[in-house]
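Peer 1: Below you'll find final.csv; it's CSV, C-alpha atoms.
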chain,number,residue,atom,x,y,z
A,9,MET,CA,-31.5,48.3,13.1
A,10,LEU,CA,-30.2,49.5,16.5
A,11,LYS,CA,-32.0,46.8,18.4
A,12,PRO,CA,-29.8,43.8,17.2
A,13,LEU,CA,-26.6,45.9,17.7
A,14,LEU,CA,-27.7,46.6,21.3
A,15,PHE,CA,-28.5,43.0,21.8
A,16,ILE,CA,-25.0,42.0,20.6
A,17,ALA,CA,-23.3,44.6,22.7
A,18,GLU,CA,-25.3,43.5,25.8
A,19,PHE,CA,-24.4,39.9,25.1
A,20,CYS,CA,-20.7,40.8,24.8
A,21,ARG,CA,-20.8,42.8,28.1
A,22,ARG,CA,-22.4,39.8,30.0
A,23,ASN,CA,-19.8,37.4,28.7
A,24,LYS,CA,-16.9,39.8,29.5
A,25,LYS,CA,-18.1,39.8,33.1
A,26,LYS,CA,-18.1,36.0,33.1
A,27,GLY,CA,-14.5,36.0,31.9
A,28,LEU,CA,-15.3,35.0,28.3
A,29,ASN,CA,-13.8,37.1,25.6
A,30,MET,CA,-16.1,37.3,22.6
A,31,LYS,CA,-15.6,39.8,19.8
A,32,VAL,CA,-17.9,40.6,16.9
A,33,ILE,CA,-16.2,40.3,13.5
A,34,THR,CA,-17.7,41.9,10.5
A,35,MET,CA,-16.8,41.3,6.8
A,36,GLU,CA,-18.1,42.1,3.4
A,37,SER,CA,-20.7,39.8,1.9
A,38,SER,CA,-18.6,39.0,-1.1
A,39,ALA,CA,-15.7,37.9,1.1
A,40,TYR,CA,-18.2,35.8,3.2
A,41,LYS,CA,-19.6,34.1,0.1
A,42,GLU,CA,-16.1,33.4,-1.2
A,43,MET,CA,-15.1,31.9,2.2
A,44,MET,CA,-18.3,29.7,2.3
A,45,ALA,CA,-17.6,28.5,-1.3
A,46,GLN,CA,-14.1,27.5,-0.2
A,47,ILE,CA,-15.5,25.7,2.8
A,48,ALA,CA,-17.9,23.9,0.6
A,49,ASN,CA,-15.1,22.8,-1.7
A,50,ILE,CA,-13.1,21.5,1.2
A,51,ALA,CA,-16.1,19.6,2.5
A,52,GLY,CA,-16.7,18.1,-0.9
A,53,TYR,CA,-13.1,17.0,-1.2
A,54,ILE,CA,-13.2,15.3,2.3
A,55,ARG,CA,-16.5,13.6,1.4
A,56,GLU,CA,-15.0,12.2,-1.9
A,57,ALA,CA,-11.9,11.0,0.0
A,58,ARG,CA,-14.0,9.3,2.6
A,59,ASP,CA,-16.2,7.6,0.0
A,60,GLU,CA,-13.2,6.5,-2.0
A,61,LYS,CA,-11.6,5.0,1.1
A,62,LYS,CA,-14.9,3.2,2.0
A,63,ARG,CA,-15.3,1.9,-1.6
A,64,LYS,CA,-11.7,0.6,-1.6
A,65,ARG,CA,-12.2,-1.1,1.8
A,66,GLU,CA,-15.3,-2.8,0.5
A,67,THR,CA,-13.8,-4.2,-2.7
A,68,GLU,CA,-10.3,-5.2,-1.4
A,69,ASP,CA,-11.2,-6.9,1.8
A,70,LYS,CA,-14.1,-9.0,0.5
A,71,LEU,CA,-13.5,-12.7,0.5
A,72,LEU,CA,-15.3,-14.9,-2.0
A,73,ASP,CA,-15.8,-18.7,-1.8
A,74,THR,CA,-14.9,-21.0,-4.6
A,75,ALA,CA,-18.3,-21.0,-6.2
A,76,GLN,CA,-18.5,-17.2,-6.3
A,77,ALA,CA,-15.0,-16.8,-7.7
A,78,ALA,CA,-15.7,-19.5,-10.3
A,79,LYS,CA,-18.9,-17.7,-11.3
A,80,MET,CA,-17.1,-14.4,-11.6
A,81,LEU,CA,-14.3,-15.9,-13.7
A,82,ASN,CA,-16.8,-18.0,-15.7
A,83,VAL,CA,-14.9,-21.2,-15.0
A,84,SER,CA,-15.7,-24.4,-13.1
A,85,LYS,CA,-14.8,-25.2,-9.5
A,86,ARG,CA,-12.4,-27.8,-10.7
A,87,THR,CA,-10.6,-25.1,-12.8
A,88,MET,CA,-10.3,-23.1,-9.7
A,89,GLN,CA,-8.6,-26.0,-8.0
A,90,ARG,CA,-6.2,-26.3,-10.9
A,91,MET,CA,-5.4,-22.6,-10.8
A,92,ARG,CA,-4.6,-23.0,-7.0
A,93,THR,CA,-2.4,-26.0,-7.7
A,94,ASP,CA,-0.6,-24.2,-10.5
A,95,HIS,CA,-0.1,-21.1,-8.3
A,96,ARG,CA,-1.9,-18.9,-10.8
A,97,ILE,CA,-4.2,-17.4,-8.1
A,98,GLU,CA,-3.7,-16.6,-4.4
A,99,TYR,CA,-6.1,-17.9,-1.9
A,100,VAL,CA,-6.7,-18.0,1.9
A,101,VAL,CA,-7.9,-21.1,3.8
A,102,VAL,CA,-10.5,-20.2,6.4
A,103,ARG,CA,-11.8,-23.0,8.6
A,104,GLY,CA,-10.9,-25.6,6.0
A,105,SER,CA,-12.4,-23.8,2.9
A,106,CYS,CA,-10.6,-21.8,0.3
A,107,ARG,CA,-11.4,-18.1,-0.1
A,108,TYR,CA,-10.3,-15.7,-2.7
A,109,ARG,CA,-9.9,-11.9,-2.3
A,110,LEU,CA,-11.9,-9.9,-4.7
A,111,SER,CA,-8.8,-7.8,-5.5
A,112,GLU,CA,-7.0,-11.0,-6.5
A,113,ILE,CA,-9.8,-12.0,-8.9
A,114,LEU,CA,-9.7,-8.5,-10.4
A,115,ARG,CA,-5.9,-8.7,-10.8
A,116,LEU,CA,-6.2,-12.1,-12.5
A,117,LEU,CA,-8.8,-10.6,-15.0
A,118,GLU,CA,-6.6,-7.6,-15.6
A,119,ASP,CA,-3.4,-9.7,-16.2
A,120,ASN,CA,-5.2,-12.0,-18.7
A,121,THR,CA,-7.0,-9.3,-20.6
A,122,VAL,CA,-5.9,-9.0,-24.2
A,123,ARG,CA,-5.8,-5.4,-25.3
A,124,ASN,CA,-6.7,-4.1,-28.7
A,125,GLU,CA,-4.2,-1.3,-28.8
A,126,GLU,CA,-1.5,-2.6,-31.1
A,127,GLY,CA,0.5,0.6,-31.2
A,128,THR,CA,2.8,0.2,-28.2
A,129,ILE,CA,5.4,-2.4,-27.4
A,130,ASP,CA,4.1,-2.9,-23.9
A,131,THR,CA,0.7,-3.9,-25.3
A,132,LEU,CA,2.4,-6.3,-27.7
A,133,PHE,CA,4.4,-7.8,-24.9
A,134,HIS,CA,1.3,-8.1,-22.6
A,135,ASN,CA,-0.8,-9.8,-25.3
A,136,HIS,CA,1.8,-12.4,-26.3
A,137,THR,CA,3.4,-13.5,-23.1
A,138,PRO,CA,2.7,-17.1,-22.2
A,139,ARG,CA,0.0,-17.4,-19.5
A,140,THR,CA,1.0,-20.7,-18.1
A,141,GLY,CA,2.1,-20.1,-14.5
A,142,GLY,CA,3.3,-22.7,-12.1
A,143,LYS,CA,6.0,-25.3,-12.4
A,144,PRO,CA,6.4,-27.5,-15.5
A,145,LYS,CA,4.5,-30.7,-15.0
A,146,GLY,CA,6.4,-33.9,-14.9
A,147,ARG,CA,5.3,-37.4,-14.4
A,148,ARG,CA,2.7,-37.8,-11.7
A,149,THR,CA,3.4,-40.4,-9.1
Kindly return the structure encoded in the file as structure tokens.
Peer 2:
Amino acid sequence: MLKPLLFIAEFCRRNKKKGLNMKVITMESSAYKEMMAQIANIAGYIREARDEKKRKRETEDKLLDTAQAAKMLNVSKRTMQRMRTDHRIEYVVVRGSCRYRLSEILRLLEDNTVRNEEGTIDTLFHNHTPRTGGKPKGRRT
């Protein structure tokens, strides 16, 4: 048991000569275990936050072309054109082709979902608002 202590003392003496101040800190094993558990909790929290941020970045920034968006919404490409014309969905034009953000597709699905909870006035209002969107159509010229 004395040998490790002598090694530590010799190590500290050598570093003191070099101008480095090193001190040995001792603590009870229960306090050490508690501190390590807290460090593990903090590391887990940071990992979760990083993964959530990465997941958010992957879903929000992804652009879909018309065929992919139509497949996701289970509609035709022509219906996607109508939705663009009626301003029911936002889109981006990249090098001449229309692209849709995944977050916009998910928003459209959420807005048009009919909920089964009939107990609240908000649900009733959500389920029975007209889903037309866009301007009223007049005579085409």
Peer 1: Determine, counting all atoms listed in the file, every residue of protein, DNA or RNA that lies within 12 Å of (-2.7, -11.9, -9.5) in the file coordinates, then give the result as a PyMOL selection string.
Peer 2: chain A and resi 91-92+95-99+108-120+139+141
Peer 1: Calculated over only C-alpha atoms, which of the candidates A:Ser105, A:Thr121, A:Thr74, A:Thr34 has the smallest distance to Thr87 of chain A?
Peer 2: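 Under the stated criterion, the closest residue is A:Thr74.
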Peer 1: Rank A:Arg63, A:Thr93, A:Lys70, A:Asn124 by their smallest atom-to-atom distance to Arg107 of chain A, using only C-alpha atoms, and report the top residue only.
Peer 2: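 Checking each of A:Arg63, A:Thr93, A:Lys70, A:Asn124 against Arg107 of chain A, counting only C-alpha atoms, the winner is A:Lys70.
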Peer 1: Work out how far atom CA of Val83 of chain A is from atom CA of Val102 of chain A, in Å to one decimal.
Peer 2: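 So the two atoms, atom CA of Val102 of chain A and atom CA of Val83 of chain A, lie 21.9 Å apart.
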Peer 1: Tell me, in Å to one decimal, how far atom CA of Asp69 of chain A is from atom CA of Val122 of chain A.
Peer 2: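 Computing it gives 26.6 Å between the two atoms.
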Peer 1: Go ahead and compute the interatomic distance for atom CA of Gln76 of chain A and atom CA of Met88 of chain A, in Å to one decimal.
Peer 2: 10.7 Å
